[in-house]
Structures are given as C-alpha cells and as structure tokens.
$ cat protein_15.txt   # compact mmCIF, C-alpha atoms
# COMPACT_ATOMS: atom_id res chain seq x y z
CA MET A 1 0.00 0.00 0.00
CA GLU A 2 2.75 2.42 0.96
CA GLN A 3 4.55 1.58 -2.24
CA ALA A 4 1.42 2.34 -4.30
CA ILE A 5 1.07 5.79 -2.69
CA ASP A 6 4.79 6.31 -3.25
CA ILE A 7 4.53 5.48 -6.95
CA VAL A 8 1.55 7.79 -7.51
CA LEU A 9 3.09 10.73 -5.62
CA MET A 10 6.43 10.36 -7.40
CA ALA A 11 4.66 10.30 -10.77
CA PHE A 12 2.77 13.48 -9.82
CA MET A 13 6.06 15.15 -8.92
CA ALA A 14 7.65 14.21 -12.24
CA VAL A 15 4.66 15.60 -14.16
CA THR A 16 4.65 18.83 -12.11
CA ALA A 17 8.38 19.35 -12.72
CA ILE A 18 8.04 18.88 -16.47
CA VAL A 19 5.07 21.28 -16.66
CA MET A 20 7.14 23.79 -14.67
CA ILE A 21 9.87 23.63 -17.31
CA ARG A 22 7.46 24.15 -20.17
CA LEU A 23 5.35 27.04 -18.83
CA ARG A 24 6.48 30.59 -19.57
CA ASN A 25 4.12 32.34 -17.16
CA LEU A 26 6.32 32.64 -14.07
CA TYR A 27 3.32 33.19 -11.76
CA ALA A 28 1.94 29.78 -12.74
CA VAL A 29 5.40 28.25 -12.32
CA VAL A 30 5.65 29.61 -8.77
CA MET A 31 2.23 28.20 -7.90
CA LEU A 32 3.30 24.84 -9.32
CA SER A 33 6.49 24.97 -7.30
CA GLY A 34 4.33 25.33 -4.17
CA ILE A 35 2.40 22.22 -5.23
CA PHE A 36 5.69 20.47 -5.95
CA SER A 37 6.93 21.18 -2.41
CA LEU A 38 3.65 20.00 -0.93
CA LEU A 39 3.88 16.76 -2.91
CA SER A 40 7.43 16.24 -1.71
CA ALA A 41 6.29 16.88 1.89
CA SER A 42 3.64 14.15 1.43
CA MET A 43 6.37 11.86 0.08
CA PHE A 44 8.42 12.46 3.22
CA VAL A 45 5.42 11.44 5.37
CA VAL A 46 5.06 8.23 3.35
CA LEU A 47 8.79 7.58 3.78
CA ASP A 48 8.53 8.00 7.61
CA ALA A 49 10.60 11.19 7.75
CA VAL A 50 7.99 13.29 9.54
CA ASP A 51 10.35 16.01 10.77
CA VAL A 52 11.55 16.61 7.23
CA ALA A 53 7.94 16.63 6.03
CA PHE A 54 6.77 19.48 8.20
CA THR A 55 9.93 21.49 7.63
CA GLU A 56 9.45 21.09 3.88
CA ALA A 57 5.76 22.02 4.14
CA ALA A 58 6.57 25.16 6.13
CA VAL A 59 9.75 26.24 4.37
CA GLY A 60 9.42 24.83 0.86
CA ALA A 61 5.71 25.26 0.24
CA GLY A 62 5.32 28.32 2.49
CA ILE A 63 8.30 30.64 2.78
CA SER A 64 9.90 29.96 -0.58
CA THR A 65 6.61 30.49 -2.44
CA VAL A 66 6.17 33.83 -0.66
CA LEU A 67 9.75 34.85 -1.51
CA MET A 68 9.28 33.95 -5.16
CA LEU A 69 5.98 35.83 -5.38
CA GLY A 70 7.72 38.85 -3.88
CA THR A 71 10.44 38.57 -6.49
CA LEU A 72 7.89 38.39 -9.29
CA ALA A 73 6.17 41.48 -7.92
CA LEU A 74 9.50 43.32 -8.18
CA THR A 75 10.47 41.90 -11.58
CA PHE A 76 8.50 40.32 -14.43
CA ARG A 77 5.69 37.80 -14.63
CA GLU A 78 6.51 36.41 -18.04
CA GLU A 79 9.56 34.71 -19.38
CA ARG A 80 10.63 35.94 -22.80
CA PRO A 81 10.15 33.29 -25.51
CA ARG A 82 13.35 31.68 -26.65
CA ARG A 83 14.83 33.05 -29.86
CA ARG A 84 16.49 29.92 -31.09
CA ARG A 85 16.23 26.29 -30.14
CA ASP A 86 19.46 24.81 -28.90
CA LEU A 87 19.64 21.06 -28.47
CA THR A 88 22.96 20.98 -26.59
CA PRO A 89 21.44 21.30 -23.07
CA LEU A 90 18.95 18.53 -23.84
CA ALA A 91 21.77 16.24 -24.99
CA VAL A 92 23.86 17.03 -21.89
CA VAL A 93 20.87 16.31 -19.63
CA LEU A 94 20.02 13.03 -21.37
CA VAL A 95 23.60 11.75 -21.20
CA THR A 96 23.96 12.72 -17.52
CA GLY A 97 20.60 11.16 -16.70
CA ALA A 98 21.49 7.92 -18.48
CA ALA A 99 24.79 7.72 -16.60
CA LEU A 100 23.02 8.30 -13.26
CA ILE A 101 20.38 5.65 -14.03
CA TYR A 102 23.17 3.20 -14.89
CA GLY A 103 24.65 4.07 -11.49
CA THR A 104 21.42 3.20 -9.66
CA LEU A 105 21.41 -0.39 -10.95
CA ASP A 106 23.70 -1.41 -8.08
CA MET A 107 21.74 0.47 -5.41
CA PRO A 108 20.02 -1.44 -2.59
CA HIS A 109 16.33 -1.75 -3.35
CA PHE A 110 13.66 0.55 -1.90
CA GLY A 111 13.03 -0.12 1.81
CA ASP A 112 15.65 -2.89 2.09
CA PRO A 113 16.53 -3.20 5.82
CA ASN A 114 19.90 -4.78 4.96
CA ALA A 115 21.15 -1.76 2.99
CA PRO A 116 24.63 -0.61 4.10
CA ILE A 117 23.28 2.81 5.18
CA HIS A 118 21.41 1.15 8.09
CA HIS A 119 24.49 -0.62 9.52
CA HIS A 120 26.98 2.07 10.37
CA VAL A 121 26.19 4.84 12.86
CA ALA A 122 22.41 4.69 12.60
CA PRO A 123 21.92 1.72 15.00
CA ARG A 124 23.89 3.58 17.66
CA TYR A 125 21.70 6.66 17.33
CA ILE A 126 18.56 4.51 17.46
CA GLU A 127 19.63 2.43 20.46
CA ASP A 128 21.55 4.91 22.60
CA SER A 129 20.16 8.37 21.89
CA PRO A 130 17.01 8.04 24.07
CA VAL A 131 19.29 7.19 27.03
CA GLU A 132 22.25 9.45 26.25
CA VAL A 133 20.37 12.57 25.17
CA GLY A 134 16.78 12.14 26.32
CA PRO A 135 14.13 13.20 23.81
CA PRO A 136 12.14 10.30 22.36
CA ASN A 137 12.51 11.79 18.88
CA MET A 138 15.86 10.53 17.62
CA VAL A 139 16.03 13.14 14.86
CA THR A 140 15.94 15.88 17.51
CA SER A 141 18.69 14.19 19.52
CA VAL A 142 20.99 13.83 16.54
CA LEU A 143 20.27 17.33 15.24
CA ALA A 144 20.78 19.16 18.51
CA SER A 145 23.36 17.01 20.23
CA TYR A 146 25.41 14.55 18.16
CA ARG A 147 25.55 16.86 15.16
CA GLY A 148 25.07 20.11 17.07
CA TYR A 149 27.97 21.81 15.28
CA ASP A 150 26.22 21.21 11.95
CA THR A 151 23.21 23.05 13.27
CA LEU A 152 25.41 25.87 14.52
CA GLY A 153 26.97 26.14 11.06
CA GLU A 154 23.51 26.16 9.52
CA THR A 155 22.51 29.07 11.75
CA THR A 156 25.61 30.93 10.58
CA VAL A 157 24.63 30.33 6.96
CA ILE A 158 21.13 31.69 7.58
CA PHE A 159 22.50 34.74 9.35
CA THR A 160 24.97 35.48 6.55
CA ALA A 161 22.29 35.02 3.89
CA GLY A 162 19.90 37.29 5.82
CA VAL A 163 22.53 40.05 6.09
CA ALA A 164 23.39 39.69 2.40
CA VAL A 165 19.72 39.92 1.36
CA MET A 166 19.24 43.05 3.47
CA VAL A 167 22.35 44.68 1.98
CA LEU A 168 21.23 43.82 -1.56
CA LEU A 169 17.67 45.00 -1.15
CA SER A 170 18.19 48.09 0.98
CA GLY A 171 17.00 51.06 -1.02
CA VAL A 172 15.14 49.09 -3.69
CA TRP A 173 11.76 50.30 -2.42
CA ARG A 174 12.92 53.89 -2.05
CA ARG A 175 14.32 53.99 -5.56
CA ARG A 176 11.26 52.27 -7.00
CA ARG A 177 8.96 54.85 -5.46
CA ARG A 178 11.04 57.59 -7.04
CA VAL A 179 10.90 56.00 -10.48
CA ALA A 180 7.49 54.34 -10.61
CA PRO A 181 4.93 57.21 -10.39
CA LEU A 182 6.41 59.06 -13.34
CA ASP A 183 6.35 56.11 -15.65
CA PRO A 184 3.60 53.48 -15.56
CA ASP A 185 5.75 51.29 -17.77
CA ALA A 186 8.67 51.44 -15.33
CA GLY A 187 8.91 47.66 -15.42
CA ARG A 188 10.60 47.88 -18.79
CA VAL A 189 12.75 50.95 -18.27
CA SER A 190 15.63 50.46 -15.92
CA ALA A 191 17.23 52.86 -13.54
CA ASP A 192 20.72 52.43 -12.18
CA GLY A 193 21.88 52.96 -8.61
CA GLU A 194 21.46 56.73 -8.70
CA GLY A 195 17.98 56.65 -10.19
CA ARG A 196 19.13 57.78 -13.62
CA PRO A 197 17.41 56.02 -16.48
CA ALA A 198 19.97 53.77 -18.09
CA HIS A 199 20.22 51.82 -21.33
CA THR A 200 16.81 52.69 -22.64
CA GLU A 201 17.96 51.37 -26.00
CA THR A 202 17.46 47.84 -24.63
CA ASP A 203 13.69 48.33 -24.85
CA PRO A 204 11.96 46.55 -27.70
CA MET B 205 12.43 -7.75 -13.33
CA ILE B 206 9.30 -6.27 -11.76
CA GLU B 207 11.06 -6.39 -8.41
CA THR B 208 14.02 -4.44 -9.78
CA ILE B 209 11.75 -1.82 -11.33
CA LEU B 210 9.75 -1.37 -8.13
CA GLY B 211 12.93 -1.39 -6.04
CA LEU B 212 14.64 1.30 -8.12
CA TYR B 213 11.57 3.31 -9.22
CA ASN B 214 12.13 6.03 -6.61
CA TYR B 215 15.74 6.55 -7.66
CA TRP B 216 14.71 6.81 -11.29
CA ILE B 217 12.06 9.44 -10.61
CA VAL B 218 14.59 11.29 -8.46
CA ILE B 219 16.96 11.31 -11.45
CA VAL B 220 14.16 12.56 -13.74
CA LEU B 221 13.50 15.43 -11.31
CA MET B 222 17.21 16.14 -10.97
CA MET B 223 17.62 16.34 -14.74
CA ALA B 224 14.49 18.53 -15.02
CA GLY B 225 16.08 20.99 -12.60
CA PHE B 226 19.46 20.76 -14.32
CA TYR B 227 17.86 21.38 -17.73
CA THR B 228 16.04 24.47 -16.43
CA VAL B 229 19.31 25.85 -15.06
CA ILE B 230 21.38 25.35 -18.22
CA ALA B 231 18.78 25.85 -20.96
CA ARG B 232 16.66 28.76 -19.74
CA GLY B 233 17.90 32.32 -19.87
CA ASN B 234 15.54 33.80 -17.29
CA LEU B 235 17.27 34.17 -13.90
CA ALA B 236 14.08 33.64 -11.85
CA LYS B 237 13.39 30.45 -13.78
CA LYS B 238 16.94 29.27 -13.16
CA ILE B 239 16.44 29.66 -9.40
CA ILE B 240 13.21 27.65 -9.61
CA GLY B 241 15.18 24.99 -11.49
CA LEU B 242 17.76 24.91 -8.70
CA ASN B 243 14.90 24.39 -6.24
CA ILE B 244 13.63 21.38 -8.20
CA PHE B 245 17.15 19.95 -8.21
CA GLN B 246 17.43 20.50 -4.46
CA THR B 247 14.14 18.74 -3.72
CA SER B 248 15.24 15.77 -5.80
CA VAL B 249 18.38 15.44 -3.67
CA PHE B 250 16.22 15.55 -0.52
CA LEU B 251 14.09 12.73 -1.91
CA LEU B 252 17.18 10.70 -2.81
CA TYR B 253 18.45 10.82 0.79
CA ILE B 254 15.08 10.15 2.41
CA THR B 255 14.42 7.23 0.03
CA MET B 256 17.72 5.67 1.06
CA GLY B 257 16.84 6.06 4.75
CA TYR B 258 13.46 4.35 4.46
CA VAL B 259 13.04 0.86 5.96
CA ARG B 260 10.09 -1.26 4.86
CA GLY B 261 7.87 -2.07 7.85
CA GLY B 262 9.65 0.47 10.05
CA THR B 263 8.13 3.48 11.80
CA ALA B 264 9.19 7.11 12.16
CA PRO B 265 12.26 7.34 14.44
CA ILE B 266 10.37 8.31 17.59
CA VAL B 267 10.67 5.95 20.56
CA ASP B 268 7.51 3.88 21.01
CA PRO B 269 6.69 4.03 24.75
CA SER B 270 4.98 0.63 24.64
CA GLY B 271 8.21 -0.86 23.33
CA GLU B 272 6.45 -2.74 20.54
CA ALA B 273 8.11 -1.05 17.60
CA THR B 274 11.70 -2.10 17.21
CA LEU B 275 12.31 -1.26 13.56
CA TYR B 276 12.82 2.44 12.96
CA THR B 277 13.56 4.40 9.80
CA ASN B 278 17.12 5.68 9.70
CA PRO B 279 17.21 9.07 11.51
CA LEU B 280 20.50 10.25 9.99
CA PRO B 281 19.26 11.19 6.47
CA SER B 282 16.38 13.10 8.07
CA VAL B 283 18.83 15.18 10.10
CA LEU B 284 21.06 15.91 7.12
CA ILE B 285 18.08 16.92 4.99
CA LEU B 286 16.60 19.15 7.70
CA THR B 287 19.85 21.11 7.60
CA ALA B 288 19.83 21.08 3.79
CA ILE B 289 16.26 22.43 3.57
CA VAL B 290 17.07 25.40 5.76
CA VAL B 291 20.33 26.14 3.96
CA GLY B 292 18.43 25.76 0.67
CA ILE B 293 15.93 28.46 1.56
CA ALA B 294 18.81 30.76 2.54
CA THR B 295 20.49 30.34 -0.84
CA THR B 296 17.16 30.72 -2.65
CA ALA B 297 16.50 33.99 -0.83
CA LEU B 298 19.97 35.24 -1.71
CA GLY B 299 19.55 34.27 -5.37
CA LEU B 300 16.16 35.98 -5.58
CA ALA B 301 17.55 39.13 -3.97
CA LEU B 302 20.34 39.16 -6.56
CA ALA B 303 17.71 38.76 -9.29
CA VAL B 304 15.76 41.75 -7.96
CA ARG B 305 18.96 43.80 -7.85
CA ILE B 306 19.95 42.78 -11.39
CA ARG B 307 16.46 43.65 -12.64
CA GLU B 308 16.84 47.05 -11.02
CA SER B 309 20.22 47.85 -12.52
CA HIS B 310 19.81 46.21 -15.96
CA GLY B 311 16.04 46.31 -16.50
CA THR B 312 15.87 42.68 -17.54
CA LEU B 313 16.24 39.17 -16.17
CA GLU B 314 17.17 37.50 -19.47
CA GLU B 315 20.73 36.27 -19.48
CA ASP B 316 21.65 37.24 -23.06
CA GLU B 317 20.28 40.80 -22.67
CA ILE B 318 22.25 41.20 -19.41
CA LEU B 319 25.42 40.02 -21.14
CA ALA B 320 24.83 42.43 -24.04
CA ILE B 321 24.40 45.34 -21.59
CA GLU B 322 27.55 44.30 -19.71
CA ASP B 323 29.52 44.20 -22.96
CA ARG B 324 28.31 47.67 -23.89
CA MET B 325 29.26 49.01 -20.44
CA ASP B 326 32.74 47.50 -20.82
CA GLY B 327 33.06 49.22 -24.18
CA GLU B 328 32.23 52.62 -22.66
CA HIS B 329 35.06 52.50 -20.13
$ encode --input "protein_15.txt" --output "structure tokens"
Amino acid sequence: MEQAIDIVLMAFMAVTAIVMIRLRNLYAVVMLSGIFSLLSASMFVVLDAVDVAFTEAAVGAGISTVLMLGTLALTFREERPRRRRDLTPLAVVLVTGAALIYGTLDMPHFGDPNAPIHHHVAPRYIEDSPVEVGPPNMVTSVLASYRGYDTLGETTVIFTAGVAVMVLLSGVWRRRRRVAPLDPDAGRVSADGEGRPAHTETDP
Amino acid sequence: MIETILGLYNYWIVIVLMMAGFYTVIARGNLAKKIIGLNIFQTSVFLLYITMGYVRGGTAPIVDPSGEATLYTNPLPSVLILTAIVVGIATTALGLALAVRIRESHGTLEEDEILAIEDRMDGEH
C-alpha cells in the first residue's frame, strides 16, 4: 500500500516538474512549485521522515513560495520566448541522466533493511540516543546534540544570507517609489543605482 | 524484473527530477526560472536521501513508549536533509535578492540581454 502511494506521488512530482519547465508564465510556475513542495512533503510522510515533512511544508511550500511571489512582484511575470532552439542542453541532460540511471542499478532496493546505510552509525543513534540525550525523537537528539555543530553552522549560513539579502535590497523600495509614479511602464525601463534612467535602448 | 523496477523506481524518478532541474538551469535564460530549477534539483536530492533512509515495515524514528516497535527508519538522512532544507531556503533567498537587484540595474532578467548590456558598459570605459 505504501509503495502504491509512493509510486503515484512520485509520478505526480515528475509531471509537475516537467510542466514547470514548459510554462512561460512565471506566476503559474511559482504556484506549481508550491504544489511540488507540498507533494514532496507528502512523500516524506510516506517515507517516515515526519520532521523533514513538516519542515518542507513550512519552508518549501510556504516561505519559498512567498519569496518567489515577492520577487515576481519586483520583476516580471513572463519569461521571454526563446529566440532559437538549442539542443545541446537537452543532450547534456540526457547523457547525464542515463549515466546516473546506470549508477542506480547497483543500489540497494527501496526499503531494504539490509542496505549498508542502516548498519553504520544509525543503530547507535537509534539504540543509545534516548538514554544518552533524552528526547524520544531521535532526529531531535541527533540534530541538537550529536551533530550540534552542523546546526550551529547552519545558523551561521542563515544569518549570513539574511545580512546579504538586506544589503542587496536596501533602497530598492525607495528607488522604485522615485521611479514608478512618473512612468507606468517602469517595469521595462531600468534605472541604475542613482535613479538615472539607463540603457533605454534595450527596450523593444 | 518487476522487483528491480519497483525497487529502483524512486531513484529513477529522483533522477528525472534532478535532470528537469538541471535542464532548467542550463537551458533557460531567465534568472528567476533558473532559481526555480535549482529548487527542483534540491528537492530531488532531498528525496534521494530520504528514500535511502526508508526501511520497509519500520516506523518514524520516535521511541515507542509501549516498546512494541523495534524497527525504525534511519534518523540520519532526516537530520542531514533538515539542515539542507534550511540552507536551501537561505540560498534561494539570496539568489532571488540578486535577481531583484539585477532587474533594477539592468532592466531585464534574461541572461543574453544582461550580457549584451555588460559588454556595452565594458566598451564605454
């Protein structure tokens, strides 16, 4: 039963991803990426990784969709149609994909309890962490205690990214307000750091 | 044969998703679309790890107080992916902020137009 749900959800995800590639309306793509994250969160529930599932539902389907919508509001909603069709990327992707699929032929099968991944450090975490650390949720114990430095590093990454985003975006709103009221079509005409119109010859 | 297909199905879909993301990054010129492609790629890696950690007949790695459950899913991939999700949203936010900034200074998000503008600016100096 679990495998049937798994197969259906995975197929949904593949279809969603391919539709996301093909659509040019970025608003629709962002909505689909929210659905994609929600589907992956459901997959994580099926695969018994509940902590990952609710993080993905909150962060992937929630925060990242909001961030992308904000970006679209500040930029464009449509992707420009391609001028020429280039088959090189498709060839690269097909070759890489074929090589990766060849690589999976040796992998332990889905759900196999004898896979090597389950016989190294994992048994120790499962057996000892409730005694050594305390919380019944082993993921919490490993995250906050055994691999606590990882989590500290992660916090540093978030902090750095937050500072960088604030530095990049400071002044965007102020400059937009200065440019926008004069020109309803300001989305196509750019202004550089000082608010001067720049490179208007790029307009179609 | 059927057993092999069912046993490896998840990995194959993960590879399809990975290649979908990769294709979006290398074939599309729009920077916002490229970031969405990176997100698809990221999610496929999450699924790869979580699939490897799954144990058939196991339960989520939370201690069963009644002591009946003895087979748990591997907690280690979950931990690694929790970290990866949060780092992923940080990089996505940074990429989107860069896109907004590039749109502000160049007036476009299409890669070839940006390169043309950059070339012209180099010529002026």
$ residues_near_point --input "protein_15.txt" --point "(14.0, 37.0, -20.5)" --cutoff "7 Å" --atoms "all atoms listed in the file" --output "ChimeraX atom specification"
/A:79-80 /B:233-234,312-315
$ closest_atom_pairs --input "protein_15.txt" --of "chain B" --to "chain A" --cutoff "7 Å" --atoms "all atoms listed in the file" --output "JSON lines"
{"residue": "B:Gly211", "atom": "CA", "partner": "A:His109", "partner_atom": "CA", "distance": 4.4}
{"residue": "B:Leu212", "atom": "CA", "partner": "A:His109", "partner_atom": "CA", "distance": 5.9}
{"residue": "B:Tyr215", "atom": "CA", "partner": "A:Thr104", "partner_atom": "CA", "distance": 6.9}
{"residue": "B:Trp216", "atom": "CA", "partner": "A:Ile101", "partner_atom": "CA", "distance": 6.4}
{"residue": "B:Ile217", "atom": "CA", "partner": "A:Met10", "partner_atom": "CA", "distance": 6.5}
{"residue": "B:Ile219", "atom": "CA", "partner": "A:Gly97", "partner_atom": "CA", "distance": 6.4}
{"residue": "B:Val220", "atom": "CA", "partner": "A:Ala14", "partner_atom": "CA", "distance": 6.9}
{"residue": "B:Leu221", "atom": "CA", "partner": "A:Ala14", "partner_atom": "CA", "distance": 6.0}
{"residue": "B:Met223", "atom": "CA", "partner": "A:Val93", "partner_atom": "CA", "distance": 5.9}
{"residue": "B:Ala224", "atom": "CA", "partner": "A:Ala17", "partner_atom": "CA", "distance": 6.6}
{"residue": "B:Tyr227", "atom": "CA", "partner": "A:Val93", "partner_atom": "CA", "distance": 6.2}
{"residue": "B:Thr228", "atom": "CA", "partner": "A:Ile21", "partner_atom": "CA", "distance": 6.3}
{"residue": "B:Ile230", "atom": "CA", "partner": "A:Pro89", "partner_atom": "CA", "distance": 6.3}
{"residue": "B:Ala231", "atom": "CA", "partner": "A:Pro89", "partner_atom": "CA", "distance": 5.7}
{"residue": "B:Asn234", "atom": "CA", "partner": "A:Glu79", "partner_atom": "CA", "distance": 6.4}
{"residue": "B:Ile254", "atom": "CA", "partner": "A:Leu47", "partner_atom": "CA", "distance": 6.9}
{"residue": "B:Thr255", "atom": "CA", "partner": "A:Leu47", "partner_atom": "CA", "distance": 6.8}
{"residue": "B:Tyr258", "atom": "CA", "partner": "A:Gly111", "partner_atom": "CA", "distance": 5.2}
{"residue": "B:Val259", "atom": "CA", "partner": "A:Gly111", "partner_atom": "CA", "distance": 4.3}
{"residue": "B:Arg260", "atom": "CA", "partner": "A:Gly111", "partner_atom": "CA", "distance": 4.4}
{"residue": "B:Thr263", "atom": "CA", "partner": "A:Asp48", "partner_atom": "CA", "distance": 6.2}
{"residue": "B:Ala264", "atom": "CA", "partner": "A:Asp48", "partner_atom": "CA", "distance": 4.7}
{"residue": "B:Pro265", "atom": "CA", "partner": "A:Met138", "partner_atom": "CA", "distance": 5.8}
{"residue": "B:Ile266", "atom": "CA", "partner": "A:Asn137", "partner_atom": "CA", "distance": 4.3}
{"residue": "B:Val267", "atom": "CA", "partner": "A:Pro136", "partner_atom": "CA", "distance": 4.9}
{"residue": "B:Thr277", "atom": "CA", "partner": "A:Asp48", "partner_atom": "CA", "distance": 6.6}
{"residue": "B:Asn278", "atom": "CA", "partner": "A:Ala122", "partner_atom": "CA", "distance": 6.1}
{"residue": "B:Pro279", "atom": "CA", "partner": "A:Val139", "partner_atom": "CA", "distance": 5.4}
{"residue": "B:Leu280", "atom": "CA", "partner": "A:Ala122", "partner_atom": "CA", "distance": 6.4}
{"residue": "B:Ser282", "atom": "CA", "partner": "A:Val52", "partner_atom": "CA", "distance": 6.0}
{"residue": "B:Val283", "atom": "CA", "partner": "A:Leu143", "partner_atom": "CA", "distance": 5.8}
{"residue": "B:Ile285", "atom": "CA", "partner": "A:Val52", "partner_atom": "CA", "distance": 6.9}
{"residue": "B:Leu286", "atom": "CA", "partner": "A:Val52", "partner_atom": "CA", "distance": 5.7}
{"residue": "B:Thr287", "atom": "CA", "partner": "A:Glu154", "partner_atom": "CA", "distance": 6.5}
{"residue": "B:Ile289", "atom": "CA", "partner": "A:Glu56", "partner_atom": "CA", "distance": 6.9}
{"residue": "B:Val291", "atom": "CA", "partner": "A:Glu154", "partner_atom": "CA", "distance": 6.4}
{"residue": "B:Ile293", "atom": "CA", "partner": "A:Ser64", "partner_atom": "CA", "distance": 6.6}
{"residue": "B:Ala294", "atom": "CA", "partner": "A:Ile158", "partner_atom": "CA", "distance": 5.6}
{"residue": "B:Thr295", "atom": "CA", "partner": "A:Ala161", "partner_atom": "CA", "distance": 6.9}
{"residue": "B:Ala297", "atom": "CA", "partner": "A:Leu67", "partner_atom": "CA", "distance": 6.8}
{"residue": "B:Leu298", "atom": "CA", "partner": "A:Val165", "partner_atom": "CA", "distance": 5.6}
{"residue": "B:Leu300", "atom": "CA", "partner": "A:Thr71", "partner_atom": "CA", "distance": 6.3}
{"residue": "B:Ala301", "atom": "CA", "partner": "A:Val165", "partner_atom": "CA", "distance": 5.8}
{"residue": "B:Leu302", "atom": "CA", "partner": "A:Leu168", "partner_atom": "CA", "distance": 6.9}
{"residue": "B:Val304", "atom": "CA", "partner": "A:Thr71", "partner_atom": "CA", "distance": 6.4}
{"residue": "B:Arg305", "atom": "CA", "partner": "A:Leu168", "partner_atom": "CA", "distance": 6.7}
{"residue": "B:Arg307", "atom": "CA", "partner": "A:Thr75", "partner_atom": "CA", "distance": 6.3}
{"residue": "B:Glu308", "atom": "CA", "partner": "A:Ser190", "partner_atom": "CA", "distance": 6.1}
{"residue": "B:Ser309", "atom": "CA", "partner": "A:Asp192", "partner_atom": "CA", "distance": 4.6}
{"residue": "B:His310", "atom": "CA", "partner": "A:Ser190", "partner_atom": "CA", "distance": 6.0}
{"residue": "B:Gly311", "atom": "CA", "partner": "A:Ser190", "partner_atom": "CA", "distance": 4.2}
$ atom_distance --input "protein_15.txt" --atom1 "CA of Arg84 (chain A)" --atom2 "CA of Arg232 (chain B)"
11.4 Å
$ atom_distance --input "protein_15.txt" --atom1 "CA of Leu242 (chain B)" --atom2 "CA of Ala303 (chain B)"
13.9 Å
$ atom_distance --input "protein_15.txt" --atom1 "CA of Phe245 (chain B)" --atom2 "CA of Met222 (chain B)"
4.7 Å
$ closest_residue --input "protein_15.txt" --among "B:Val290, B:Ala320, B:Ile306, B:Leu284" --to "Tyr146 (chain A)" --atoms "all atoms listed in the file"
B:Leu284
$ residues_around --input "protein_15.txt" --residues "Ile239 (chain B)" --least-positions-apart "5" --cutoff "8 Å" --atoms "all atoms listed in the file" --output "count of residues only"
4
$ axis_aligned_box --input "protein_15.txt" --around "region 82-98 of chain A" --padding-each-side "5 Å" --output "AutoDock Vina command-line options"
--center_x 18.7 --center_y 20.5 --center_z -23.9 --size_x 20.6 --size_y 35.1 --size_z 24.4
